[in-house]
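What follows is a set of notes on a single structure, which appears directly below.
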Amino acid sequence: MLYSVSKRVVGAVARTIYRPTVIDADKVPATGPVILAPNHLAVLDSFIVPLVLPRPVSFLAKAEYFNGTGTKGALVKWLFGSLGAIPVERGRGRAAKEALDTAEQVLLDGGAFGIHPEGTRSPDGRLYRGRTGVARLALAAGAPVVPVGLTGTDKLQPRGKKIPRPHPVTVRFGDPLDFSRYAGMESSLPVLRSITDEIMYAIAELSEQEYVDRYQSPGAAAAA
């Protein structure tokens, strides 16, 4: 109930700002477990994808968004929490694993979960190598992965800007990717890498970004 009310309120305001063009949203299964895997250009990406779909979608979010104080902190916490965000503390392996375990449970319960395979926002508009957490999640939960291409969100909310500016964005959904052929192979790094690369290439086609076959930072490789 809270999710539905929050989505209607936030969505009405948001649509006047980013004027979304949504393409092939019907490719997202209406029921059952599914992983949404979008590129990542702006903080608002994790809001935009759930707002254009009829079913609830949970995303990982920095724990800092839940720890703010005062009126602003309470508003941000309410916004993220009511839209199904799952807090994760960056830089802590155990915390990240616990967050992914929670995400896996969302999928096992038949829900939809969104994850940015790049891990963090692109620093220059290009699409970077994905981390294998999305592949582990897909195999552990037996869920299909729907690649998502976002364009325009970096203009909607440029890096360093807290307040969005009116700008149209496009959200393009791809065909669901089925990785059931790899069932039981969650511990195989070559398999996880292959799955992740397939997802990233699909995202690149949808977003029309230049693909860079390396992580955004040296530390990202260790997390993959």
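Naming scheme: A, B, ... for chains in displayed order of the structure tokens; residues 1 onward per chain; ligands 1 onward as shown.
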Find the spatial neighbours of range 185-195 of chain A, counting only C-alpha atoms, within a cut-off of 10 Å - ignore same-chain residues fewer than 4 positions away - and output them as a PDB file with C-alpha atoms, in the first residue's frame.
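Below is the file around-v8.pdb, written as the result:
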ATOM      1  CA  GLY A 130      30.002  -5.145 -15.386  1.00  0.00           C
ATOM      2  CA  ARG A 131      30.604  -6.822 -12.057  1.00  0.00           C
ATOM      3  CA  THR A 132      29.554 -10.439 -11.759  1.00  0.00           C
ATOM      4  CA  GLY A 133      27.119  -9.959  -8.867  1.00  0.00           C
ATOM      5  CA  VAL A 134      24.242  -9.773 -11.350  1.00  0.00           C
ATOM      6  CA  ALA A 135      25.233 -13.176 -12.761  1.00  0.00           C
ATOM      7  CA  ARG A 136      25.491 -14.760  -9.319  1.00  0.00           C
ATOM      8  CA  LEU A 137      22.071 -13.396  -8.457  1.00  0.00           C
ATOM      9  CA  ALA A 138      20.504 -14.673 -11.678  1.00  0.00           C
ATOM     10  CA  LEU A 139      21.824 -18.192 -11.162  1.00  0.00           C
ATOM     11  CA  ALA A 140      21.091 -18.336  -7.431  1.00  0.00           C
ATOM     12  CA  LEU A 177      17.915 -13.199 -21.062  1.00  0.00           C
ATOM     13  CA  ASP A 178      17.588 -16.786 -19.840  1.00  0.00           C
ATOM     14  CA  PHE A 179      20.643 -18.300 -18.172  1.00  0.00           C
ATOM     15  CA  SER A 180      19.039 -21.509 -16.918  1.00  0.00           C
ATOM     16  CA  ARG A 181      21.543 -23.459 -19.036  1.00  0.00           C
ATOM     17  CA  ILE A 199      24.210  -8.691 -20.203  1.00  0.00           C
ATOM     18  CA  MET A 200      26.545  -5.728 -20.742  1.00  0.00           C
ATOM     19  CA  ALA A 224      33.795  -8.650  -9.176  1.00  0.00           C
TER      20      ALA A 224
END
Which residues come within 10 Å of range 58-71 of chain A, counting only C-alpha atoms, excluding same-chain residues fewer than 5 positions away, as number ranges by chain?
A: 35-36, 43, 46-47, 49-50, 76-90, 95-96, 99-100, 102-103, 106-107, 111-116
Using only C-alpha atoms, which of A:Gln157, A:Gln209, A:Gln105, A:Gln216 sits nearest Gly119 in chain A?
A:Gln216
List every residue of range 52-84 of chain A that DSSP, applied to the backbone of this structure, places in helix (DSSP H, G or I), and write the result as a tab-separated table (two decimals) with N, CA, C and O atoms, in the first residue's frame.
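Here's the written file out_37.tsv:
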chain	number	residue	atom	x	y	z
A	63	ALA	N	23.79	3.02	1.96
A	63	ALA	CA	23.26	3.08	3.33
A	63	ALA	C	23.15	4.52	3.82
A	63	ALA	O	22.31	4.82	4.67
A	64	GLU	N	24.01	5.40	3.26
A	64	GLU	CA	23.97	6.80	3.69
A	64	GLU	C	22.60	7.44	3.48
A	64	GLU	O	22.21	8.36	4.20
A	65	TYR	N	21.88	6.97	2.48
A	65	TYR	CA	20.56	7.54	2.20
A	65	TYR	C	19.56	7.23	3.31
A	65	TYR	O	18.52	7.88	3.42
A	66	PHE	N	19.87	6.24	4.14
A	66	PHE	CA	18.97	5.85	5.22
A	66	PHE	C	19.42	6.38	6.57
A	66	PHE	O	18.74	6.20	7.57
A	70	GLY	N	17.57	15.02	10.62
A	70	GLY	CA	16.73	16.17	10.36
A	70	GLY	C	15.61	15.87	9.37
A	70	GLY	O	15.38	14.72	8.99
A	71	THR	N	14.94	16.93	8.95
A	71	THR	CA	13.80	16.78	8.04
A	71	THR	C	14.22	16.21	6.69
A	71	THR	O	13.57	15.31	6.15
A	72	LYS	N	15.33	16.71	6.16
A	72	LYS	CA	15.82	16.22	4.87
A	72	LYS	C	16.17	14.74	4.95
A	72	LYS	O	15.82	13.96	4.06
A	73	GLY	N	16.87	14.36	6.03
A	73	GLY	CA	17.25	12.96	6.19
A	73	GLY	C	16.03	12.05	6.29
A	73	GLY	O	16.01	10.96	5.70
A	74	ALA	N	15.03	12.50	7.01
A	74	ALA	CA	13.81	11.71	7.17
A	74	ALA	C	13.07	11.57	5.84
A	74	ALA	O	12.53	10.50	5.51
A	75	LEU	N	13.06	12.65	5.04
A	75	LEU	CA	12.38	12.61	3.75
A	75	LEU	C	13.09	11.66	2.79
A	75	LEU	O	12.44	10.86	2.10
A	76	VAL	N	14.41	11.73	2.76
A	76	VAL	CA	15.18	10.85	1.88
A	76	VAL	C	15.00	9.40	2.29
A	76	VAL	O	14.81	8.52	1.44
A	77	LYS	N	15.05	9.13	3.58
A	77	LYS	CA	14.86	7.77	4.08
A	77	LYS	C	13.47	7.25	3.70
A	77	LYS	O	13.32	6.10	3.27
A	78	TRP	N	12.46	8.09	3.86
A	78	TRP	CA	11.09	7.69	3.49
A	78	TRP	C	11.00	7.39	2.00
A	78	TRP	O	10.41	6.39	1.59
A	79	LEU	N	11.61	8.25	1.20
A	79	LEU	CA	11.53	8.10	-0.24
A	79	LEU	C	12.16	6.78	-0.70
A	79	LEU	O	11.55	6.00	-1.42
A	80	PHE	N	13.37	6.52	-0.24
A	80	PHE	CA	14.06	5.30	-0.64
A	80	PHE	C	13.38	4.06	-0.08
A	80	PHE	O	13.18	3.07	-0.78
A	81	GLY	N	13.01	4.14	1.18
A	81	GLY	CA	12.38	2.99	1.81
A	81	GLY	C	11.02	2.65	1.23
A	81	GLY	O	10.69	1.48	1.00
A	82	SER	N	10.21	3.66	0.96
A	82	SER	CA	8.86	3.41	0.45
A	82	SER	C	8.87	2.89	-0.98
A	82	SER	O	7.91	2.26	-1.42
May I have all residues of chain A that DSSP, computed from the backbone, assigns to strand (DSSP E or B), given as a PyMOL selection string?
chain A and resi 21-23+34-38+57-62+86-88+112-114+127-128+145-151+170-173+177+211-212
Those residues with C-alpha atoms, as an mmCIF file, in the first residue's frame please?
data_model
loop_
_atom_site.group_PDB
_atom_site.id
_atom_site.type_symbol
_atom_site.label_atom_id
_atom_site.label_comp_id
_atom_site.auth_asym_id
_atom_site.auth_seq_id
_atom_site.Cartn_x
_atom_site.Cartn_y
_atom_site.Cartn_z
ATOM 1 C CA THR A 21 9.792 7.861 -23.341
ATOM 2 C CA VAL A 22 9.334 4.197 -22.470
ATOM 3 C CA ILE A 23 10.065 1.549 -25.099
ATOM 4 C CA VAL A 34 13.002 -10.972 -12.761
ATOM 5 C CA ILE A 35 16.189 -8.934 -12.594
ATOM 6 C CA LEU A 36 16.279 -5.487 -14.241
ATOM 7 C CA ALA A 37 19.829 -4.555 -15.281
ATOM 8 C CA PRO A 38 20.178 -0.904 -16.413
ATOM 9 C CA VAL A 57 10.950 -3.086 -8.309
ATOM 10 C CA SER A 58 13.527 -3.090 -5.504
ATOM 11 C CA PHE A 59 17.025 -1.623 -5.912
ATOM 12 C CA LEU A 60 20.176 -1.495 -3.820
ATOM 13 C CA ALA A 61 20.896 1.958 -2.392
ATOM 14 C CA LYS A 62 23.791 3.447 -0.417
ATOM 15 C CA ILE A 86 17.595 -2.062 0.014
ATOM 16 C CA PRO A 87 20.437 -0.334 1.925
ATOM 17 C CA VAL A 88 24.024 -1.497 1.372
ATOM 18 C CA ALA A 112 11.445 -7.867 -9.338
ATOM 19 C CA PHE A 113 14.885 -6.591 -8.444
ATOM 20 C CA GLY A 114 17.011 -3.956 -10.151
ATOM 21 C CA LEU A 127 29.427 1.907 -20.458
ATOM 22 C CA TYR A 128 31.989 0.068 -18.360
ATOM 23 C CA VAL A 145 17.593 -10.777 -16.660
ATOM 24 C CA VAL A 146 16.011 -7.912 -18.595
ATOM 25 C CA PRO A 147 18.671 -5.454 -19.860
ATOM 26 C CA VAL A 148 17.683 -1.789 -19.696
ATOM 27 C CA GLY A 149 19.146 1.145 -21.604
ATOM 28 C CA LEU A 150 18.758 4.612 -20.076
ATOM 29 C CA THR A 151 19.555 7.762 -22.039
ATOM 30 C CA THR A 170 14.348 7.354 -22.641
ATOM 31 C CA VAL A 171 13.988 3.973 -20.955
ATOM 32 C CA ARG A 172 14.389 1.061 -23.373
ATOM 33 C CA PHE A 173 13.823 -2.535 -22.245
ATOM 34 C CA LEU A 177 17.915 -13.199 -21.062
ATOM 35 C CA TYR A 211 31.529 0.078 -24.344
ATOM 36 C CA VAL A 212 34.765 0.055 -22.343
#
Of the candidates A:Ala42, A:Ile163, A:Ile48, A:Ile203, which shows the shortest atom-to-atom distance to Pro117 in chain A, using only C-alpha atoms?
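When distances to Pro117 in chain A are compared using only C-alpha atoms, the smallest one comes from A:Ile203.
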Would you kindly return, as a compact mmCIF listing (two decimals) with all heavy atoms, in the first residue's frame, each protein, DNA or RNA residue with an atom no farther than 7 Å from any atom of Leu41 in chain A, considering only C-alpha atoms and excluding same-chain residues fewer than 5 positions away?
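So the final result, stored in out.txt, reads:
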# COMPACT_ATOMS: atom_id res chain seq x y z
N ARG A 121 28.09 4.97 -10.96
CA ARG A 121 27.76 5.76 -12.14
C ARG A 121 28.95 5.92 -13.08
O ARG A 121 30.09 6.02 -12.65
CB ARG A 121 27.28 7.15 -11.71
CG ARG A 121 25.90 7.20 -11.11
CD ARG A 121 25.62 8.59 -10.58
NE ARG A 121 26.41 8.88 -9.38
CZ ARG A 121 26.64 10.09 -8.92
NH1 ARG A 121 26.17 11.14 -9.58
NH2 ARG A 121 27.34 10.26 -7.83
N SER A 122 28.65 5.95 -14.36
CA SER A 122 29.70 6.18 -15.35
C SER A 122 30.27 7.57 -15.18
O SER A 122 29.52 8.54 -15.06
CB SER A 122 29.12 6.03 -16.77
OG SER A 122 30.07 6.45 -17.73
N GLY A 125 29.99 8.94 -19.31
CA GLY A 125 28.92 8.61 -20.24
C GLY A 125 29.13 7.31 -21.00
O GLY A 125 28.22 6.86 -21.70
N THR A 153 19.52 10.59 -18.64
CA THR A 153 19.48 10.81 -17.19
C THR A 153 20.68 11.61 -16.71
O THR A 153 20.62 12.27 -15.67
CB THR A 153 19.40 9.48 -16.42
OG1 THR A 153 20.53 8.67 -16.75
CG2 THR A 153 18.13 8.73 -16.78
N ASP A 154 21.80 11.54 -17.44
CA ASP A 154 22.96 12.34 -17.07
C ASP A 154 22.75 13.82 -17.34
O ASP A 154 23.42 14.68 -16.76
CB ASP A 154 24.21 11.85 -17.79
CG ASP A 154 24.03 11.76 -19.30
OD1 ASP A 154 22.87 11.64 -19.76
OD2 ASP A 154 25.04 11.79 -20.03
Distance CA of Pro176 in chain A-CA of Leu206 in chain A, one decimal place?
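Taking CA of Pro176 in chain A and CA of Leu206 in chain A, their separation equals 12.9 Å.
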